[in-house]
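Student: Quick one, input-v4.cif (mmCIF, C-alpha atoms):
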```cif
data_protein
loop_
_atom_site.label_atom_id
_atom_site.label_comp_id
_atom_site.auth_asym_id
_atom_site.auth_seq_id
_atom_site.Cartn_x
_atom_site.Cartn_y
_atom_site.Cartn_z
CA MET A 15 76.83 64.74 48.88
CA ALA A 16 76.64 67.05 45.88
CA ALA A 17 77.62 70.65 46.31
CA PRO A 18 74.73 73.14 46.49
CA ARG A 19 73.66 74.73 43.24
CA LEU A 20 73.42 78.46 42.66
CA GLY A 21 70.43 79.54 40.63
CA THR A 22 70.33 82.65 38.53
CA ARG A 23 67.16 84.00 40.20
CA GLY A 24 68.40 83.75 43.77
CA LEU A 25 70.66 82.03 46.23
CA ARG A 26 69.50 78.66 47.53
CA LEU A 27 71.18 77.80 50.88
CA LEU A 28 71.66 74.20 51.89
CA SER A 29 73.26 72.88 55.06
CA TRP A 30 74.87 69.46 55.16
CA ASN A 31 72.20 68.07 57.48
CA SER A 32 69.14 70.11 56.61
CA SER A 33 66.63 70.39 53.84
CA PRO A 34 66.64 73.24 51.34
CA ARG A 35 65.38 76.56 52.80
CA ARG A 36 63.32 79.26 51.14
CA PRO A 37 65.36 81.06 48.47
CA PHE A 38 66.53 84.64 49.16
CA THR A 39 66.04 87.16 46.37
CA PRO A 40 67.73 90.53 46.61
CA GLY A 41 65.26 93.42 46.66
CA PRO A 42 65.42 96.51 44.54
CA LYS A 43 67.09 98.54 47.38
CA SER A 44 70.86 98.71 47.47
CA PHE A 45 72.74 97.43 50.50
CA CYS A 46 74.30 100.91 50.73
CA SER A 47 70.98 102.72 50.98
CA SER A 48 70.07 105.38 53.54
CA ALA A 49 68.68 102.65 55.80
CA THR A 50 72.22 101.93 56.91
CA THR A 51 72.35 105.32 58.64
CA SER A 52 70.40 103.77 61.53
CA ARG A 53 73.29 101.45 62.31
CA PRO A 54 75.18 102.05 65.62
CA MET A 55 78.04 104.57 65.55
CA ASN A 56 81.51 103.18 65.16
CA ALA A 57 83.95 103.35 68.07
CA GLN A 58 85.79 106.44 66.80
CA THR A 59 82.62 108.51 66.35
CA LEU A 60 81.32 107.45 69.76
CA ALA A 61 84.60 108.34 71.44
CA GLU A 62 84.61 111.78 69.79
CA LYS A 63 81.06 112.46 70.94
CA LEU A 64 81.89 111.41 74.51
CA ARG A 65 84.99 113.62 74.56
CA ALA A 66 83.02 116.59 73.26
CA LYS A 67 80.32 116.07 75.88
CA LYS A 68 82.89 115.75 78.67
CA GLN A 69 84.65 118.93 77.54
CA GLU A 70 81.32 120.76 77.42
CA GLU A 71 80.51 119.70 80.99
CA LYS A 72 84.00 120.68 82.11
CA THR A 73 83.74 124.18 80.67
CA LYS A 74 80.35 124.80 82.24
CA LYS A 75 80.68 127.09 85.23
CA MET A 76 79.54 125.58 88.49
CA PRO A 77 76.67 127.58 89.97
CA VAL A 78 77.88 129.66 92.90
CA PRO A 79 75.61 129.09 95.91
CA THR A 80 74.13 132.26 97.36
CA ASN A 81 74.15 130.73 100.85
CA SER A 82 77.48 131.34 102.63
CA VAL A 83 77.38 127.93 104.34
CA GLN A 84 76.86 126.17 101.01
CA ARG A 85 79.75 128.14 99.52
CA ARG A 86 81.94 127.02 102.41
CA VAL A 87 80.89 123.38 101.93
CA GLN A 88 81.69 123.63 98.22
CA GLU A 89 85.11 125.06 99.10
CA LEU A 90 85.86 122.18 101.49
CA VAL A 91 84.76 119.59 98.94
CA ARG A 92 87.01 121.20 96.33
CA PHE A 93 90.02 121.33 98.67
CA THR A 94 89.58 117.71 99.74
CA GLN A 95 88.69 116.26 96.34
CA GLN A 96 88.89 112.49 96.47
CA LEU A 97 91.47 111.06 94.07
CA GLN A 98 90.19 107.48 94.28
CA LYS A 99 87.90 107.94 91.30
CA VAL A 100 90.43 109.26 88.80
CA HIS A 101 92.33 107.19 86.25
CA PRO A 102 95.59 105.68 87.63
CA ASN A 103 97.62 107.72 85.12
CA VAL A 104 96.00 110.94 86.38
CA LEU A 105 96.80 110.02 89.98
CA ALA A 106 100.41 109.16 89.12
CA LYS A 107 100.78 112.51 87.34
CA GLU A 108 99.37 114.31 90.38
CA LEU A 109 101.85 112.53 92.67
CA SER A 110 104.74 113.39 90.35
CA ARG A 111 103.84 117.09 90.61
CA GLY A 112 104.09 116.86 94.38
CA ILE A 113 107.56 115.31 94.60
CA LEU A 114 109.51 116.81 97.50
CA HIS A 115 112.85 115.03 96.95
CA GLN A 116 114.34 112.59 94.47
CA ASP A 117 117.74 110.90 94.29
CA LYS A 118 119.14 107.57 93.11
CA ASP A 119 117.71 105.76 96.17
CA LEU A 120 114.55 107.58 97.24
CA VAL A 121 111.52 109.46 95.99
CA VAL A 122 109.61 111.55 98.53
CA ILE A 123 106.04 112.61 97.69
CA ASN A 124 103.41 114.87 99.20
CA LYS A 125 100.55 112.49 100.03
CA PRO A 126 97.16 114.03 99.20
CA TYR A 127 94.14 113.96 101.50
CA GLY A 128 91.65 111.09 101.29
CA LEU A 129 93.93 108.70 99.42
CA PRO A 130 94.68 105.29 101.02
CA VAL A 131 98.17 103.86 100.80
CA HIS A 132 97.06 100.22 100.49
CA GLY A 133 94.06 98.55 98.89
CA GLY A 134 91.20 96.98 100.82
CA PRO A 135 87.41 96.62 100.91
CA GLY A 136 85.77 99.52 99.11
CA VAL A 137 89.09 101.01 97.93
CA GLN A 138 88.94 101.85 94.23
CA LEU A 139 92.46 103.25 93.90
CA CYS A 140 95.42 103.60 96.23
CA ILE A 141 99.02 104.79 96.14
CA SER A 142 100.49 101.29 95.89
CA ASP A 143 98.42 100.72 92.71
CA VAL A 144 100.12 103.54 90.82
CA LEU A 145 103.73 103.06 91.90
CA PRO A 146 104.63 101.20 88.66
CA ILE A 147 103.15 104.06 86.60
CA LEU A 148 104.89 106.72 88.68
CA ALA A 149 108.23 104.92 88.27
CA LYS A 150 107.82 104.88 84.48
CA MET A 151 106.98 108.58 84.46
CA LEU A 152 110.18 109.34 86.33
CA ARG A 153 112.63 106.87 84.76
CA GLY A 154 111.10 105.67 81.51
CA HIS A 155 109.15 102.60 80.44
CA LYS A 156 111.76 100.09 81.59
CA ALA A 157 111.74 101.32 85.20
CA GLU A 158 110.92 98.88 87.99
CA PRO A 159 108.05 99.83 90.36
CA LEU A 160 108.79 102.01 93.37
CA HIS A 161 108.44 100.51 96.86
CA LEU A 162 106.63 101.82 99.95
CA CYS A 163 108.82 102.54 102.97
CA HIS A 164 106.06 103.35 105.50
CA ARG A 165 102.39 104.26 105.57
CA LEU A 166 100.10 107.16 106.41
CA ASP A 167 96.39 107.00 107.19
CA LYS A 168 93.97 107.74 104.39
CA GLU A 169 93.00 111.14 105.82
CA THR A 170 96.57 112.19 106.74
CA THR A 171 98.50 114.42 104.35
CA GLY A 172 102.21 115.13 103.98
CA VAL A 173 105.67 113.59 103.67
CA MET A 174 105.80 110.01 102.37
CA VAL A 175 108.97 108.10 101.44
CA LEU A 176 109.32 105.67 98.52
CA ALA A 177 112.40 103.70 97.45
CA TRP A 178 113.63 102.55 94.04
CA GLU A 179 115.02 99.22 95.28
CA LYS A 180 113.41 96.69 97.60
CA ASP A 181 116.59 96.44 99.69
CA MET A 182 116.61 100.20 100.24
CA ALA A 183 112.91 100.11 101.20
CA HIS A 184 113.69 97.44 103.81
CA GLN A 185 116.53 99.58 105.22
CA VAL A 186 114.24 102.61 105.57
CA GLN A 187 111.51 100.45 107.13
CA GLU A 188 114.06 99.24 109.69
CA LEU A 189 114.89 102.86 110.55
CA PHE A 190 111.22 103.51 111.22
CA ARG A 191 110.86 100.29 113.23
CA THR A 192 113.87 101.07 115.43
CA ARG A 193 112.66 104.67 115.96
CA GLN A 194 115.63 106.29 114.24
CA VAL A 195 113.45 108.53 112.05
CA GLU A 196 112.44 111.85 113.61
CA LYS A 197 108.81 112.60 112.71
CA LYS A 198 106.87 115.84 113.19
CA TYR A 199 103.15 116.22 112.57
CA TRP A 200 100.98 119.32 112.73
CA ALA A 201 97.37 119.15 113.85
CA ILE A 202 94.61 121.64 114.51
CA THR A 203 92.86 120.63 117.72
CA VAL A 204 89.50 121.47 119.22
CA ARG A 205 90.52 123.22 122.46
CA ALA A 206 94.14 123.81 123.47
CA PRO A 207 96.08 121.11 125.36
CA LEU A 208 97.04 121.80 128.95
CA PRO A 209 99.88 122.02 129.73
CA SER A 210 101.01 123.59 126.46
CA ALA A 211 103.90 121.12 126.10
CA GLY A 212 104.56 117.64 127.42
CA VAL A 213 104.61 113.90 126.82
CA VAL A 214 101.68 111.48 126.63
CA ASP A 215 102.89 108.04 127.70
CA ILE A 216 99.78 105.84 127.79
CA PRO A 217 99.50 102.38 126.16
CA ILE A 218 96.91 101.90 123.39
CA VAL A 219 94.70 98.89 122.66
CA GLU A 220 92.07 98.10 120.04
CA LYS A 221 88.57 97.40 121.37
CA GLU A 222 85.14 96.68 119.96
CA VAL A 223 82.55 99.39 120.48
CA GLN A 224 79.03 98.16 121.21
CA GLY A 225 76.04 100.13 120.01
CA GLN A 226 73.91 100.77 116.96
CA GLN A 227 77.02 100.76 114.76
CA GLN A 228 79.28 97.97 115.97
CA HIS A 229 82.88 98.83 115.14
CA HIS A 230 86.46 98.76 116.43
CA LYS A 231 88.50 101.66 117.76
CA MET A 232 91.88 102.20 119.29
CA THR A 233 91.69 103.48 122.87
CA LEU A 234 93.82 104.11 125.93
CA ALA A 235 94.88 101.24 128.19
CA PRO A 236 96.35 103.15 131.17
CA SER A 237 98.60 101.41 133.65
CA TYR A 238 96.99 103.22 136.60
CA ARG A 239 93.51 104.30 137.70
CA MET A 240 92.06 106.34 140.54
CA ASP A 241 90.28 104.39 143.31
CA ASN A 242 88.81 106.43 146.20
CA GLY A 243 91.33 109.17 145.61
CA LYS A 244 94.28 106.81 145.42
CA MET A 245 96.26 105.80 142.35
CA VAL A 246 96.11 102.04 141.82
CA LYS A 247 98.18 100.06 139.32
CA VAL A 248 96.09 98.19 136.76
CA ARG A 249 96.96 94.81 135.34
CA ALA A 250 98.36 95.40 131.86
CA SER A 251 96.39 94.11 128.87
CA ARG A 252 98.21 91.55 126.74
CA ASP A 253 96.99 93.32 123.60
CA ALA A 254 98.07 96.82 124.66
CA HIS A 255 100.93 98.57 122.85
CA VAL A 256 103.41 101.03 124.34
CA ALA A 257 102.61 104.48 122.88
CA VAL A 258 104.54 107.69 123.53
CA THR A 259 103.87 111.11 121.98
CA GLN A 260 105.64 114.42 122.56
CA TYR A 261 103.59 117.54 121.86
CA GLN A 262 103.95 121.32 121.84
CA VAL A 263 101.36 124.04 121.20
CA LEU A 264 102.59 126.38 118.44
CA SER A 265 99.60 128.73 118.45
CA SER A 266 96.31 128.82 120.32
CA SER A 267 92.98 130.57 120.74
CA PRO A 268 90.24 130.01 123.34
CA SER A 269 88.64 127.29 121.18
CA SER A 270 91.45 125.75 119.10
CA ALA A 271 95.20 125.24 118.73
CA LEU A 272 97.92 124.40 116.26
CA VAL A 273 99.90 121.57 117.85
CA GLU A 274 103.21 119.98 116.82
CA LEU A 275 103.36 116.25 117.55
CA GLN A 276 106.38 113.96 117.65
CA PRO A 277 105.41 110.29 117.93
CA VAL A 278 108.17 108.29 119.59
CA THR A 279 106.32 105.05 118.82
CA GLY A 280 104.24 104.21 115.75
CA ILE A 281 100.96 102.64 116.87
CA LYS A 282 97.85 102.76 114.69
CA HIS A 283 95.95 106.06 115.20
CA GLN A 284 98.29 106.91 118.08
CA LEU A 285 98.21 110.70 117.64
CA ARG A 286 94.44 110.82 117.29
CA VAL A 287 93.87 108.67 120.39
CA HIS A 288 96.39 110.52 122.57
CA LEU A 289 94.92 113.90 121.64
CA SER A 290 91.26 112.89 121.95
CA PHE A 291 91.33 110.67 125.04
CA GLY A 292 94.67 111.57 126.64
CA LEU A 293 94.53 115.39 126.37
CA ASP A 294 90.79 115.84 125.67
CA CYS A 295 91.63 117.87 122.55
CA PRO A 296 90.44 115.95 119.48
CA ILE A 297 91.83 116.85 116.07
CA LEU A 298 89.56 119.08 114.01
CA GLY A 299 87.65 116.84 111.58
CA ASP A 300 88.30 113.62 113.52
CA HIS A 301 84.78 112.26 113.34
CA LYS A 302 85.88 108.80 114.51
CA TYR A 303 87.67 109.62 117.76
CA SER A 304 85.80 112.69 118.98
CA ASP A 305 83.29 110.44 120.74
CA TRP A 306 84.11 106.93 121.92
CA ASN A 307 80.56 105.57 121.81
CA ARG A 308 79.50 106.58 118.33
CA LEU A 309 80.54 107.30 114.76
CA ALA A 310 79.10 110.71 113.96
CA PRO A 311 80.16 114.17 112.76
CA GLN A 312 82.27 116.00 115.30
CA LYS A 313 80.34 118.33 117.61
CA LEU A 314 81.82 121.83 117.63
CA SER A 315 81.09 124.96 119.62
CA ALA A 316 79.00 127.73 118.08
CA GLY A 317 82.04 130.02 118.05
CA THR A 318 84.22 127.51 116.16
CA LEU A 319 81.46 126.81 113.64
CA LYS A 320 80.99 130.54 113.05
CA LYS A 321 84.71 131.02 112.38
CA LEU A 322 84.73 128.05 109.99
CA GLY A 323 81.64 129.38 108.19
CA LEU A 324 79.62 126.23 108.84
CA LYS A 325 76.64 124.90 110.76
CA GLN A 326 76.71 121.74 112.85
CA ALA A 327 74.64 119.92 110.21
CA LYS A 328 77.52 120.44 107.75
CA ALA A 329 80.35 119.54 110.15
CA ARG A 330 80.72 116.17 108.42
CA TYR A 331 82.43 117.98 105.53
CA ILE A 332 85.34 119.08 107.74
CA PRO A 333 88.41 116.98 106.83
CA LEU A 334 90.91 115.62 109.33
CA HIS A 335 93.49 118.33 110.03
CA LEU A 336 96.54 116.10 110.55
CA HIS A 337 99.62 116.74 108.42
CA ALA A 338 102.97 114.88 108.30
CA ARG A 339 105.01 118.06 108.33
CA GLN A 340 108.59 116.79 108.53
CA LEU A 341 110.81 113.70 108.51
CA ILE A 342 114.51 113.52 109.27
CA LEU A 343 116.20 110.39 107.91
CA PRO A 344 119.65 109.47 109.29
CA SER A 345 122.57 108.77 106.96
CA LEU A 346 121.89 105.74 104.82
CA GLY A 347 123.76 103.94 102.03
CA SER A 348 125.99 106.32 100.07
CA ARG A 349 124.45 109.34 101.83
CA THR A 350 126.60 110.42 104.77
CA GLU A 351 124.39 113.23 106.08
CA GLU A 352 120.90 113.47 107.53
CA LEU A 353 118.10 114.11 105.07
CA LEU A 354 115.51 116.67 106.19
CA LEU A 355 112.21 116.36 104.33
CA ALA A 356 109.55 119.03 104.87
CA CYS A 357 106.13 119.41 103.28
CA LYS A 358 103.92 122.48 102.96
CA LEU A 359 100.40 122.53 104.37
CA PRO A 360 97.42 121.59 102.18
CA ARG A 361 95.11 124.44 101.27
CA PHE A 362 92.21 123.40 103.46
CA PHE A 363 94.55 123.26 106.48
CA ALA A 364 95.98 126.73 105.82
CA SER A 365 92.48 128.10 105.25
CA SER A 366 91.29 126.74 108.62
CA LEU A 367 94.30 128.30 110.37
CA ARG A 368 93.36 131.72 109.01
CA ARG A 369 89.70 131.33 109.90
CA LEU A 370 90.46 130.20 113.45
CA GLY A 371 92.99 132.99 114.03
CA LEU A 372 95.93 130.61 114.51
CA GLU A 373 99.40 131.74 113.49
CA LEU A 374 102.24 129.79 111.94
CA PRO A 375 105.72 129.91 113.47
CA ASN A 376 107.81 132.71 111.93
CA GLN A 377 109.94 130.35 109.81
CA ASP A 378 106.82 128.72 108.37
CA GLN A 379 104.83 131.78 107.20
CA SER A 380 104.88 130.46 103.60
CA SER A 381 104.02 126.88 104.49
CA ALA A 382 100.73 126.58 102.59
CA VAL A 383 100.46 125.09 99.11
#
```
Would it be possible to restate this file's structure as structure tokens?

Tutor:
Amino acid sequence: MAAPRLGTRGLRLLSWNSSPRRPFTPGPKSFCSSATTSRPMNAQTLAEKLRAKKQEEKTKKMPVPTNSVQRRVQELVRFTQQLQKVHPNVLAKELSRGILHQDKDLVVINKPYGLPVHGGPGVQLCISDVLPILAKMLRGHKAEPLHLCHRLDKETTGVMVLAWEKDMAHQVQELFRTRQVEKKYWAITVRAPLPSAGVVDIPIVEKEVQGQQQHHKMTLAPSYRMDNGKMVKVRASRDAHVAVTQYQVLSSSPSSALVELQPVTGIKHQLRVHLSFGLDCPILGDHKYSDWNRLAPQKLSAGTLKKLGLKQAKARYIPLHLHARQLILPSLGSRTEELLLACKLPRFFASSLRRLGLELPNQDQSSAV
């Protein structure tokens, strides 16, 4: 087939399998006319505009609510800001600022509130996702990812141990599994436990809760029950786990207490279940275990709500007040001495202590971050 011809008055386009189409004649307007200003912005201009808009929104002052309850809610939301929605680099930077200890084997971080350790349904970002980024921030771009040594619940704050090498992570995990790690948690409870110190030794089992919202919860599976005033041994459930918790009240008021907890075992939600159902003193902000039959905001007394500056309708904003205060790791690897790791209280926790009139032990007067 002959090649298409170009005429002087226009461009005639021919395809190999089609007939000649209508000739195109350039108009009097230049291709570089003002009409091109209606074209979409290029990527650089768009990015600059978005950055400027974001900065403008950031510099705007948030309106201060005149209502004291609304101000308190805004304070709680600010203290418990969810980190799931930030960029992974931002989260890694935040974790690096909260490093409690670092050596050639371990990195110990202060786990923030509301941040899950592992991924799962509905989880946008978790600690395990950013361990490669955190490692590079600490040791450079060639660093291998850090490894998790244990876990904390999403709502629990405090000491969390990471390891540089997988073998070291396995060794630390074995220490936790064989109960060689001494753990201390602090919790603010609704009501004060009686007696003020003791041991809760009641097995725990997971059960399905029937009702409008069908869900699963951990609950007590006691070995004995009362029958006509007599204590009768109950057949043990095959699914029940041995669970032992030591506790001691550090400070108390008529409606609340600061309690130190030492879990001997490590069963899911053990501390929350033992406090709520074993001692009838649920943790402040534990909306899951305050009532067995339902999932709803925790019901608090009028006096407690007044001290917290809230109304019952806003109780759902109260975060879980459970903090991994201290870990003691035994000698491991090249380290011949115990390693004591302590973590200061988050701001919302310290604020609640002040509002409820609870005092810190003398050696911990500066324990709030």

Student: Could you spell out the hits of the PyMOL selection byres ((chain A and resi 333) around 10) on the shown file, as a PyMOL selection string?

Tutor: chain A and resi 90-91+93-94+127-128+169-170+297-301+329-332+334-336+362-363

Student: So how many Å separate CA of Pro102 (chain A) and CA of Gln185 (chain A), to one decimal?

Tutor: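 We find that CA of Pro102 (chain A) and CA of Gln185 (chain A) lie 28.0 Å from each other.
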
Student: So which one's closest to Gly172 (chain A), A:Ile218, A:Val122, A:Val213, A:Leu343? Using all atoms listed in the file, please.

Tutor: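 Distance minimum relative to Gly172 (chain A) lands on A:Val122.
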
Student: Leaving out region 345-349 of chain A and any residue of its chain fewer than 6 positions from it, which residues lie within 10 Å of it when counting all atoms listed in the file, given as a ChimeraX atom specification?

Tutor: /A:118-119,182,185-186,189

Student: Using only C-alpha atoms, can you tell me which of A:Pro268, A:Pro159, A:Pro207, A:Pro236 comes closest to Val219 (chain A)?

Tutor: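 So, comparing all the options, the nearest one is A:Pro236.
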
Student: Between A:Gln276, A:Gln284, A:Asn103, A:Asn81, single out the one closest to Val256 (chain A), counting only C-alpha atoms.

Tutor: A:Gln284

Student: To test your reading of the syntax: which residues would the PyMOL selection byres ((chain A and resi 269) around 9) return for the file shown? Reply as a list in words.

Tutor: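 Checked against the file, the PyMOL selection byres ((chain A and resi 269) around 9) matches Thr203, Val204, Arg205, Ala206, Ser266, Ser267, Pro268, Ser270, Ala271, Ser315, Gly317, Thr318 and Leu370 of chain A.
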
Student: By how many Å are CA of Pro344 (chain A) and CA of His283 (chain A) apart?

Tutor: 24.7 Å

Student: When you draw a straight line from CA of Ser210 (chain A) to CA of His255 (chain A), how long is it in Å?

Tutor: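 Spanning CA of Ser210 (chain A) to CA of His255 (chain A) is a straight-line distance of 25.3 Å.
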
Student: Counting all atoms listed in the file, which of A:Leu319, A:Ala57, A:Val104, A:Leu97 gets nearest to Leu129 (chain A)?

Tutor: A:Leu97

Student: Which residue out of A:Ala66, A:Ala201, A:Leu114, A:Val100 has the minimum interatomic distance to Leu272 (chain A) when all atoms listed in the file are used?

Tutor: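 Comparing A:Ala66, A:Ala201, A:Leu114, A:Val100 against Leu272 (chain A), the winner is A:Ala201.
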
Student: Build an axis-aligned box that encloses every atom of region 252-257 of chain A listed in the file, pad it by 4 Å on each side, and report its centre and edge lengths in Å to one decimal, as AutoDock Vina command-line options.

Tutor:
```
--center_x 100.2 --center_y 98.0 --center_z 124.8 --size_x 14.4 --size_y 20.9 --size_z 11.9
```

Student: May I ask which of the residues A:Val87, A:Leu353, A:Ala310, A:Ala61 is the closest one to Leu322 (chain A), counting only C-alpha atoms?

Tutor: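 Closest to Leu322 (chain A), using only C-alpha atoms: A:Val87.
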
Student: Can you translate the PyMOL selection byres ((chain A and resi 264) around 10) into the concrete residues it hits in this file, as a PyMOL selection string?

Tutor: chain A and resi 200+210-211+261-263+265-266+271-274+372-375

Student: If you count all atoms listed in the file, which residues fall within 8 Å of His132 (chain A), apart from same-chain ones fewer than 5 positions away, as a list of chain:residue names?

Tutor: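 In the requested form, the answer reads A:Cys140, A:Ile141, A:Ser142, A:Asp143.
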
Student: I need every residue sitting at most 9 Å from the point (94.4, 99.6, 133.4) (coordinates as in the file, all atoms listed in the file considered), written as number ranges by chain.

Tutor: A: 234-239, 246-251

Student: Counting all atoms listed in the file, I want the residues whose atoms come within 10 Å of (107.1, 104.2, 84.2) in the file frame, returned as a PyMOL selection string.

Tutor: chain A and resi 106+144-160
